[in-house]
Every structure is written in structure tokens, then in C-alpha cells.
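In what follows, a structure is listed as C-alpha cells, so that the remarks can point back to it.
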Amino acid sequence: MTTSSSERSVGLGMPQLPAPGYPDDVRARLERDAREIITRYPDSRSALLPLLHLVQSEEGHVTRTGMQFCADMLDLTTAEVTAVATFYTMYRRRPSGDYQVGVCTNTLCAVMGGDAIFSALQEHLGVGNGETTDDGKVTLEHIECNAACDYAPVVMVNWEFFDNQTPESAKRLVDDLRAGGQVEPTRGAPLCTFKETARMLAGFPDEREGAVEATGSAGPASLVGLRLARGEGAAARVVHPRDGGPHDEPGNAVHEPSPAEHLSSHDAPQDTSASDSAHPAGPVAEEGQ
Amino acid sequence: MTLAPENGGTSRPSGFEGEGETSPEKLLVPVLSAFWDEEKSWTLDVYQRHEGYEGLRKALAMSPDDVIAYVKESGLRGRGGAGFPTGMKWQFIPQGDGKPHYLVVNADESEPGTCKDIPLLFSNPHSLIEGIVIACYAIRSSHAFIYLRGEVVPVLRRLHSAVREAHAAGYLGENILGSGLDLELTVHAGAGAYICGEETALLDSLEGRRGQPRLRPPFPAVAGLYACPTVVNNVESIASVPAILNRGKEWFRSMGSDKSPGFTLYSLSGHVAGPGQYEAPLGVTLRQLLDMSGGMRPGHRLKFWTPGGSSTPMFTDEHLDVPLDYEAVGAAGSMLGTKALQCFDETTCVVRAVTRWTEFYAHESCGKCTPCREGTYWLVQLLRDIEAGKGTMSDLDKLADIADNINGKSFCALGDGAASPIFSSLKYFRAEYEEHITGRGCPFDPAKSTAWADKPAEVNA
């Protein structure tokens, strides 16, 4: 479904050929879903973000074919769709793994250990930021603040919460993901694949038995104030259910900062569509084609 | 909790006046969080057992204009950061204009440090839905949207479920509770962009465009979603409305101060013994919250903190007794913001913290306005150099100068937010920046700041 990279290996400044379409059965199924999404909005263009989630649920990333499909459904140009798809970080522009492991490295999580977790995972998996393991299971990324600072440091897998992580617990987590067993977050439902997650983001509820109920009413940190207000005494430190607590991570991996080390490893500003020559965001077809 | 005198000016509940008063039973007031520990707290059954949808019944017995006036008189102010009076926002919607009106709930909680709406929606989504129905009745809207950031699938799941339950029970759909009100509610998942928390960028995003802020005027109340009159409110603001209708505006005003009345969620995070959510009357202090929750982690002291996310100028331990309400925090030189109390202890390098925040702003700047787009880029270059020991003293003035050229010179507040940590850290910690320059590097060991730094080491073979 994706365009082969060899197509673009020689840059002659020629416009790309139009994206290939979906097979008929896939297109018919996606059109049904797309029409359902469009009816939720007074103006069809509002359905663009959910439709991009929908095409991402089909192929695991947003392809030229997917963008062409969105343009057709909403009567937009492919340039308009591409402009939107490249603005938002949740739309992937290259094939990626079944499980997106995102380590929060915004200030608070980074300071509390997110930086150490991120570098431990890079070393453990042998991949850099945005890269996928050879088995196609895990794509590692650093992410921005995910509104869970009271559970820092936080790791998200397919946008489910793994709270109060340590380098050791995070390494076990990715090992479990690669081994293929069922992995459960601290807040959220048992993991499904990235494609299945994208379908929920398109607005189709998770119909799995027990998914809504999973992990109970609230995480421990969310309840500390309530318990104090009831006179139930000082809150215990939250315990991470996956490994019995953050205590198991000794300072054995003592970090020795060298003068040359650049502790702040964010890649801001990120590659833009213009600078990402391997994955250009050019129009898939001439206007009006 | 005693009633504030009618003419009380800025008087506070008596609990705050008692010297050394730290009893959590007196200082905290769980309302939205009151039953988060009950089994299936997110369901309609549990919500109704806690007087859920009673506020809606009371609202529907009033005229829409009276509901607006009631919320205005309660003094409820926006909980998303700016603190604009919620009832006044509703009142700005022109009535009888023949156009559709929209309510858009901003659930794009992304301000670094902010973590209140996500747990609220995870544990108690019906408080938001009830508030939405009340607000739509008041502003005469028949279609509302919840713009939820996409990166929180557990919350999306519970919102889908709650909307389904509310429909089945007749709280959404046609002729709600026989009132004649018809209301559709669409849950819309974003796709990863901090800027969409800015209300006009959010509207552009909801219209299927890149999330870029609009120039105001016109304000959303006149020309918002699809150029129609639109109210954009934060999750916590709307979720607070049902309790006000149900328990009364006097009850609401009995908490907090005259200008900052009511209860709110404070989110404590960082190097503290008890990180989490604390629902309290406006005006509680960080010292009170820390005293009741075990303070900073053992053996450490507070170095700097944010009162309301990274975009609010940082405070230090001099500010422990600032009442956390809109006026007092403003008077102390910062903003209440989202009440995201990120606390950092003495092991934390302030240059590292500010560099990381600035990288965030550079990454999230939408690129529309030149001062923000270019300014944040250059701030990052300078800060990375300073952090790596390659800066010069003149870089510090350059930082301040660039921040000054961003602040107030862009369409939206993202640029102002980027300037805040620069200004405030230079004000309180200039010596630490200088130390990085003269010492040719960072004097801090990041390993000492981690959550596990002080845990007894186990022997791992």
C-alpha cells in the first residue's frame, strides 16, 4: 500500500504519480466508516482529523493513499489534507511498530527519571528516537507532557498509561511487548495494537469486554487528597503494580555525566516535512487531477 | 468552613486564618473528586447516587437567562488558566441571532505540569456531561463538542461510554427530561498538538485545519466554530457548574475569596512526598498542601515551583505562603494558571528545566507568528549552549532580550508562556546560569533528581 522508496530515489523535480487507491473491498469498508464519522459534524471538513485516524488504523501510518482517500471523502485537495496530516504529531508518516512506546521527557518527567528511562530503552532496544525494532513490534519515541505528572515518570504505550516507571520496569515492559504476551497498563485497558487504538481515536468505541472497567475508578495519586480529606492519614507512596514499586531500581546504573554529554537531548525543532527528504509531504497529484 | 461575610472583601474561610492550620479535613473539600474511590465511579449509576443530574433538573426549571445570571453570580471563573468569569462568557453569546450556537469543551489538557482534567474525566465523566447540558440550555445550543487530546485513550474510552449512557437515560438527544431541549454531543479526539489548547487554534483544529490561532476580535462568542457564536470552556469549569446549581451559589461563594470563590483541583507533582490531586477552596497555600501531604521528599528542600504549569512564571520557597487564587498569585508576579504545582528540589538544575521547557515551546510553536517561531528556536540554541558549558555572559542578556521580543508580540499566549520561565528563572536564579558559564558546564548530577535516587540500592547481580 505504501509507495516504495525507490520511486523517489532520483529527484528530477517531477511531480509524483497519483497515489494508488485502496483495494475495492477495503475502500468500501472505509467509506462506510467515513460516512458515519462525517454525520457527527455540522460541517464535513471537521471529520478530517478522525478520518486521518481512520486511515492510520488501516495501515498503521498515514500514507499518500490514505490522504487521497480523505480528500475524496471530504471534497478537499490532497494539499489541504497533507497540510493537516503533517501538522499533528500523532499521525505517523512512515511504517512503525505495533506498540508505540512513548517516554515523557518534558521537564518534570525528565527530571524525575524520564531521561534515564529513555536512554536506557534506546540502549536496550538498539533504536533511536522514532525508530522501530527489527521485529516490527516496538517504536520508541520521546513524548511531551501527557497530563500525568503526579505519576512521574510516565511511559505511554499506544496511549495507555504506565505510571511511576523506572529504567528496569520500562525494560521489562518492552521485553514483554516483544515477547507477545498480554500487557496491562496501570491506567487504561489491556493493550491492543496501534492500529486498533487509532480506530478508537477515529471515534469508534472500544467494544472489548471489560475495556472500560479496566484498572478501576482512579489511580492512587488521584485519590490522595480525597483520602486526606476523609481523615484517612498521610498517603502512601504510589506503588507500581507491574513490579511492586519503584524501589527495585537501585542506583546501580549510576549516571556519570561527562562534560561532553548533552543532557538535553530533545530534537527541537523536529524535522519538518521539507527537511524530511525520505518522506516528503508533497501533493500526491496535481491539483484537479 | 465558615461563610465569608457578605461584604468580606478578600476574607477567607476561617481555616486559613488559624495559625499552622494544616488539618486536611478542614482545608480540603472534595466535590468533583468526592467519590473517585468508589467502585465504577465513572458510571451513571454511581453519579446519580451522588446527586448526579440534580443540578440539571434545577437548571431546566429556570429560564436560560436565569441560569446564565446564576452562574455569573456564583463567581465561577475559568479553570483553564485565564480565570475569565464563566457566566460572562455565556452572556456574551448573542441571542435571537438566528445562527446555531456551539459549546466546545477544551479537554486538550497539555500544559506541562497540568494533570487535573484527565483524572477528572477518567473517574467522573458525567460531571462534565451534566455541565454541558446545563451550559447548552443556557446559551441555546443544540450541538456541543468535547475536544479531547488524542494521547489519552483511557479517558476517550470512558467518555464514549458516558455519552452512550447519558443518551440512553435521556440526558442527551431529543427533548431532554421533557424540557424541549435537543442536544447532540460529539467526542472529538485531537491528534497531538499543544497549541490546540489555545481556544481559537482549537476551533480551527475542530474545523479540520492545522491548529493555528486566530486574530481576535472577532472573539469566539461572536464568530467561533463555523463563524457562529461559540463558548469555549475548560473541562473543570463546566464540570463545576452542576454542583453550583445543585447546592447553590451561596454554598459556592462560601469557599475561597470574594473575587476567587469556590473549590478547585490542585495538582501536586515533582519531588514531593505525596503527589496527586487535592481539591480545596481557592486560596489554599502550597505550604498548607505540603504540610498536610508529607512535604518534600525526605531530606530535601523546595527550590522552585510553578503555580500553574510551565507557562506561569516560577516561584521559589519565598512564595510558599502566597494564597493560590487568581489575585494573590497575580500580585506575587505569576499566574494561577491551571494550578499545576510542579515542585522541584535542590537537586534540580534550573537551567536544565528551563531548557527543556523551551524546547517544548519551540517544538509546539505553530509557526504562524514570527516572534514565537523564530524566538523560541533561538532561545533553544542559546540555552543548549549554556547548559553544555559553551555559553558566554552576554548570552544571558540575549536570552532576556529574545524573550522580551516574543512576549506579547504574537497572536496567542504560547509565546508569552515561552518567555515566562526565561524571565522568572533569570530573576531568581541568574547566579546558577552564570555558574554554568564560568564553570564550563552543569554542576548538577541528574541522577540525584530521579524518583529512585534516594531508594536503598539493591544488589543486582
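We name chains A, B, ... following the order of the C-alpha cells; residues begin at 1 in each chain, and ligands are numbered from 1 as shown.
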Residues of chain A within 6 Å of chain B, counting only C-alpha atoms, what are they? List them as a ChimeraX atom specification.
/A:45-46,48,84,88-90,107,111-113,145,147-150,159,188,201,217-218,221-222,224-225,228-229,250-251,255,268-269
Mind listing the strand (DSSP E) residues of segment 9-213 of chain A, per DSSP on the backbone, as a list in words?
Tyr99, Gln100, Val101, Gly102, Val103, Cys104, Glu131, Thr132, Val138, Thr139, Leu140, Glu141, His142, Ile143, Val155, Met156, Val157, Glu160, Phe161 and Phe162 of chain A
Just N, CA and C atoms for this one: save the residues we selected as a compact mmCIF listing (two decimals), in the first residue's frame.
# COMPACT_ATOMS: atom_id res chain seq x y z
N TYR A 99 3.49 -1.46 18.73
CA TYR A 99 3.38 -0.76 20.01
C TYR A 99 4.25 0.49 19.99
N GLN A 100 3.61 1.61 20.16
CA GLN A 100 4.35 2.85 20.25
C GLN A 100 4.67 3.11 21.71
N VAL A 101 5.93 3.06 22.06
CA VAL A 101 6.36 3.30 23.44
C VAL A 101 6.87 4.74 23.52
N GLY A 102 6.13 5.55 24.23
CA GLY A 102 6.48 6.97 24.34
C GLY A 102 6.93 7.29 25.76
N VAL A 103 8.14 7.79 25.89
CA VAL A 103 8.66 8.16 27.20
C VAL A 103 8.54 9.66 27.36
N CYS A 104 7.88 10.09 28.41
CA CYS A 104 7.75 11.53 28.62
C CYS A 104 9.10 12.11 29.02
N GLU A 131 12.46 5.32 16.02
CA GLU A 131 12.84 4.11 15.27
C GLU A 131 12.14 2.87 15.82
N THR A 132 12.08 1.86 14.96
CA THR A 132 11.33 0.64 15.29
C THR A 132 12.28 -0.54 15.39
N VAL A 138 8.10 -2.72 18.38
CA VAL A 138 8.15 -1.53 19.24
C VAL A 138 8.75 -0.34 18.50
N THR A 139 8.02 0.77 18.52
CA THR A 139 8.57 2.03 18.05
C THR A 139 8.79 2.91 19.27
N LEU A 140 10.02 3.37 19.43
CA LEU A 140 10.37 4.16 20.62
C LEU A 140 10.35 5.65 20.28
N GLU A 141 9.71 6.42 21.15
CA GLU A 141 9.67 7.87 20.95
C GLU A 141 9.77 8.56 22.29
N HIS A 142 10.26 9.80 22.27
CA HIS A 142 10.06 10.61 23.47
C HIS A 142 8.84 11.47 23.19
N ILE A 143 8.04 11.67 24.23
CA ILE A 143 6.79 12.41 24.05
C ILE A 143 6.76 13.61 24.99
N VAL A 155 5.42 6.51 31.15
CA VAL A 155 5.61 5.94 29.81
C VAL A 155 4.23 5.64 29.25
N MET A 156 4.00 5.97 28.00
CA MET A 156 2.74 5.64 27.35
C MET A 156 3.01 4.54 26.32
N VAL A 157 2.15 3.53 26.30
CA VAL A 157 2.23 2.55 25.22
C VAL A 157 0.88 2.58 24.50
N GLU A 160 -1.83 4.36 26.37
CA GLU A 160 -2.32 3.92 27.68
C GLU A 160 -1.22 4.25 28.70
N PHE A 161 -1.63 4.50 29.94
CA PHE A 161 -0.69 4.99 30.95
C PHE A 161 0.09 3.86 31.65
N PHE A 162 1.40 4.01 31.66
CA PHE A 162 2.27 3.18 32.50
C PHE A 162 2.96 4.13 33.47
Based on DSSP run over this structure's backbone, return all residues of segment 16-67 of chain A in helix (DSSP H, G or I), as an MDAnalysis selection string.
chainID A and resid 24:38 44:59 64:67
As an exercise, work out the distance from atom CA of Pro185 of chain A to atom CA of Val46 of chain B in Å and give it to one decimal place.
24.2 Å
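Each of B:Cys412, B:Ile422, B:Val329, B:Leu56 was compared to Asp397 of chain B using only C-alpha atoms, and B:Ile422 turns out to be the nearest.
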Polymer residues at most 12 Å from Gly98 of chain B, only C-alpha atoms, same-chain spacing of 6 or more positions, as a PyMOL selection string
chain B and resi 140-141+228-229
I need the chosen residues saved as a PDB file, in the first residue's frame, with N, CA and C atoms.
ATOM      1  N   ARG B 140     -28.453  28.293  24.568  1.00  0.00           N
ATOM      2  CA  ARG B 140     -29.316  27.852  23.445  1.00  0.00           C
ATOM      3  C   ARG B 140     -28.467  27.211  22.350  1.00  0.00           C
ATOM      4  N   SER B 141     -27.810  26.137  22.750  1.00  0.00           N
ATOM      5  CA  SER B 141     -27.008  25.378  21.784  1.00  0.00           C
ATOM      6  C   SER B 141     -27.588  23.982  21.665  1.00  0.00           C
ATOM      7  N   CYS B 228     -19.863  30.855  13.885  1.00  0.00           N
ATOM      8  CA  CYS B 228     -21.072  31.030  14.689  1.00  0.00           C
ATOM      9  C   CYS B 228     -20.691  31.301  16.143  1.00  0.00           C
ATOM     10  N   PRO B 229     -21.623  31.904  16.899  1.00  0.00           N
ATOM     11  CA  PRO B 229     -21.334  32.180  18.310  1.00  0.00           C
ATOM     12  C   PRO B 229     -20.985  30.896  19.070  1.00  0.00           C
TER      13      PRO B 229
END
Applying 12 Å and only C-alpha atoms, which residues near Thr200 of chain B remain after dropping the ones on its own chain fewer than 2 positions away? List them as an mmCIF file with C-alpha atoms, in the first residue's frame.
data_model
loop_
_atom_site.group_PDB
_atom_site.id
_atom_site.type_symbol
_atom_site.label_atom_id
_atom_site.label_comp_id
_atom_site.auth_asym_id
_atom_site.auth_seq_id
_atom_site.Cartn_x
_atom_site.Cartn_y
_atom_site.Cartn_z
ATOM 1 C CA VAL B 104 -16.858 23.458 22.781
ATOM 2 C CA ASN B 106 -11.467 22.272 25.881
ATOM 3 C CA ILE B 195 -1.308 24.675 20.514
ATOM 4 C CA CYS B 196 -4.829 23.258 20.179
ATOM 5 C CA GLY B 197 -5.353 24.032 23.851
ATOM 6 C CA GLU B 198 -5.479 27.668 22.770
ATOM 7 C CA LEU B 202 -8.734 24.544 18.937
ATOM 8 C CA LEU B 203 -11.605 25.851 16.823
ATOM 9 C CA ASP B 204 -9.509 25.782 13.662
ATOM 10 C CA SER B 205 -8.464 22.238 14.513
ATOM 11 C CA LEU B 206 -12.073 21.225 15.136
ATOM 12 C CA GLU B 207 -12.898 22.627 11.721
ATOM 13 C CA ARG B 209 -7.487 22.547 9.783
ATOM 14 C CA ARG B 210 -3.986 22.989 11.143
ATOM 15 C CA GLY B 211 -4.314 24.231 14.703
ATOM 16 C CA GLN B 212 -3.282 27.839 14.367
ATOM 17 C CA PRO B 213 -4.635 30.674 16.493
ATOM 18 C CA ARG B 214 -6.899 33.307 15.027
ATOM 19 C CA LEU B 215 -6.550 37.023 15.456
ATOM 20 C CA ARG B 216 -9.155 38.464 17.827
ATOM 21 C CA PRO B 217 -11.526 40.238 17.511
ATOM 22 C CA PRO B 218 -13.835 38.736 16.485
ATOM 23 C CA PHE B 219 -13.973 36.650 19.626
ATOM 24 C CA PRO B 220 -15.399 33.131 19.563
ATOM 25 C CA ALA B 221 -18.540 34.382 21.321
ATOM 26 C CA ALA B 223 -17.585 34.228 15.403
ATOM 27 C CA GLY B 224 -16.282 30.918 16.727
ATOM 28 C CA LEU B 225 -16.886 27.446 15.325
ATOM 29 C CA TYR B 226 -18.044 27.755 11.692
ATOM 30 C CA ALA B 227 -18.133 31.521 12.298
ATOM 31 C CA THR B 230 -19.330 29.700 20.391
ATOM 32 C CA VAL B 231 -18.466 29.237 24.029
ATOM 33 C CA VAL B 232 -15.135 27.539 24.692
ATOM 34 C CA ASN B 233 -14.769 26.400 28.302
ATOM 35 C CA PHE B 411 -1.416 36.136 18.286
ATOM 36 C CA CYS B 412 -1.741 33.783 21.226
ATOM 37 C CA ALA B 413 -0.270 33.146 24.646
#
Measuring between only C-alpha atoms, which one of A:Glu168, A:Glu80, A:Glu31, A:Asp175 shows the shortest distance to Leu125 of chain A?
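Ranking A:Glu168, A:Glu80, A:Glu31, A:Asp175 by distance to Leu125 of chain A, first place goes to A:Asp175.
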Applying 7 Å and only C-alpha atoms, which residues near Ser142 of chain B remain after dropping the ones on its own chain fewer than 5 positions away? List them as a count of residues only.
4
Would you mind telling me which residue in B:Leu290, B:Cys372, B:Ala431, B:Leu181 lies nearest to Val350 of chain B when using only C-alpha atoms?
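Counting only C-alpha atoms, the residue closest to Val350 of chain B is B:Ala431.
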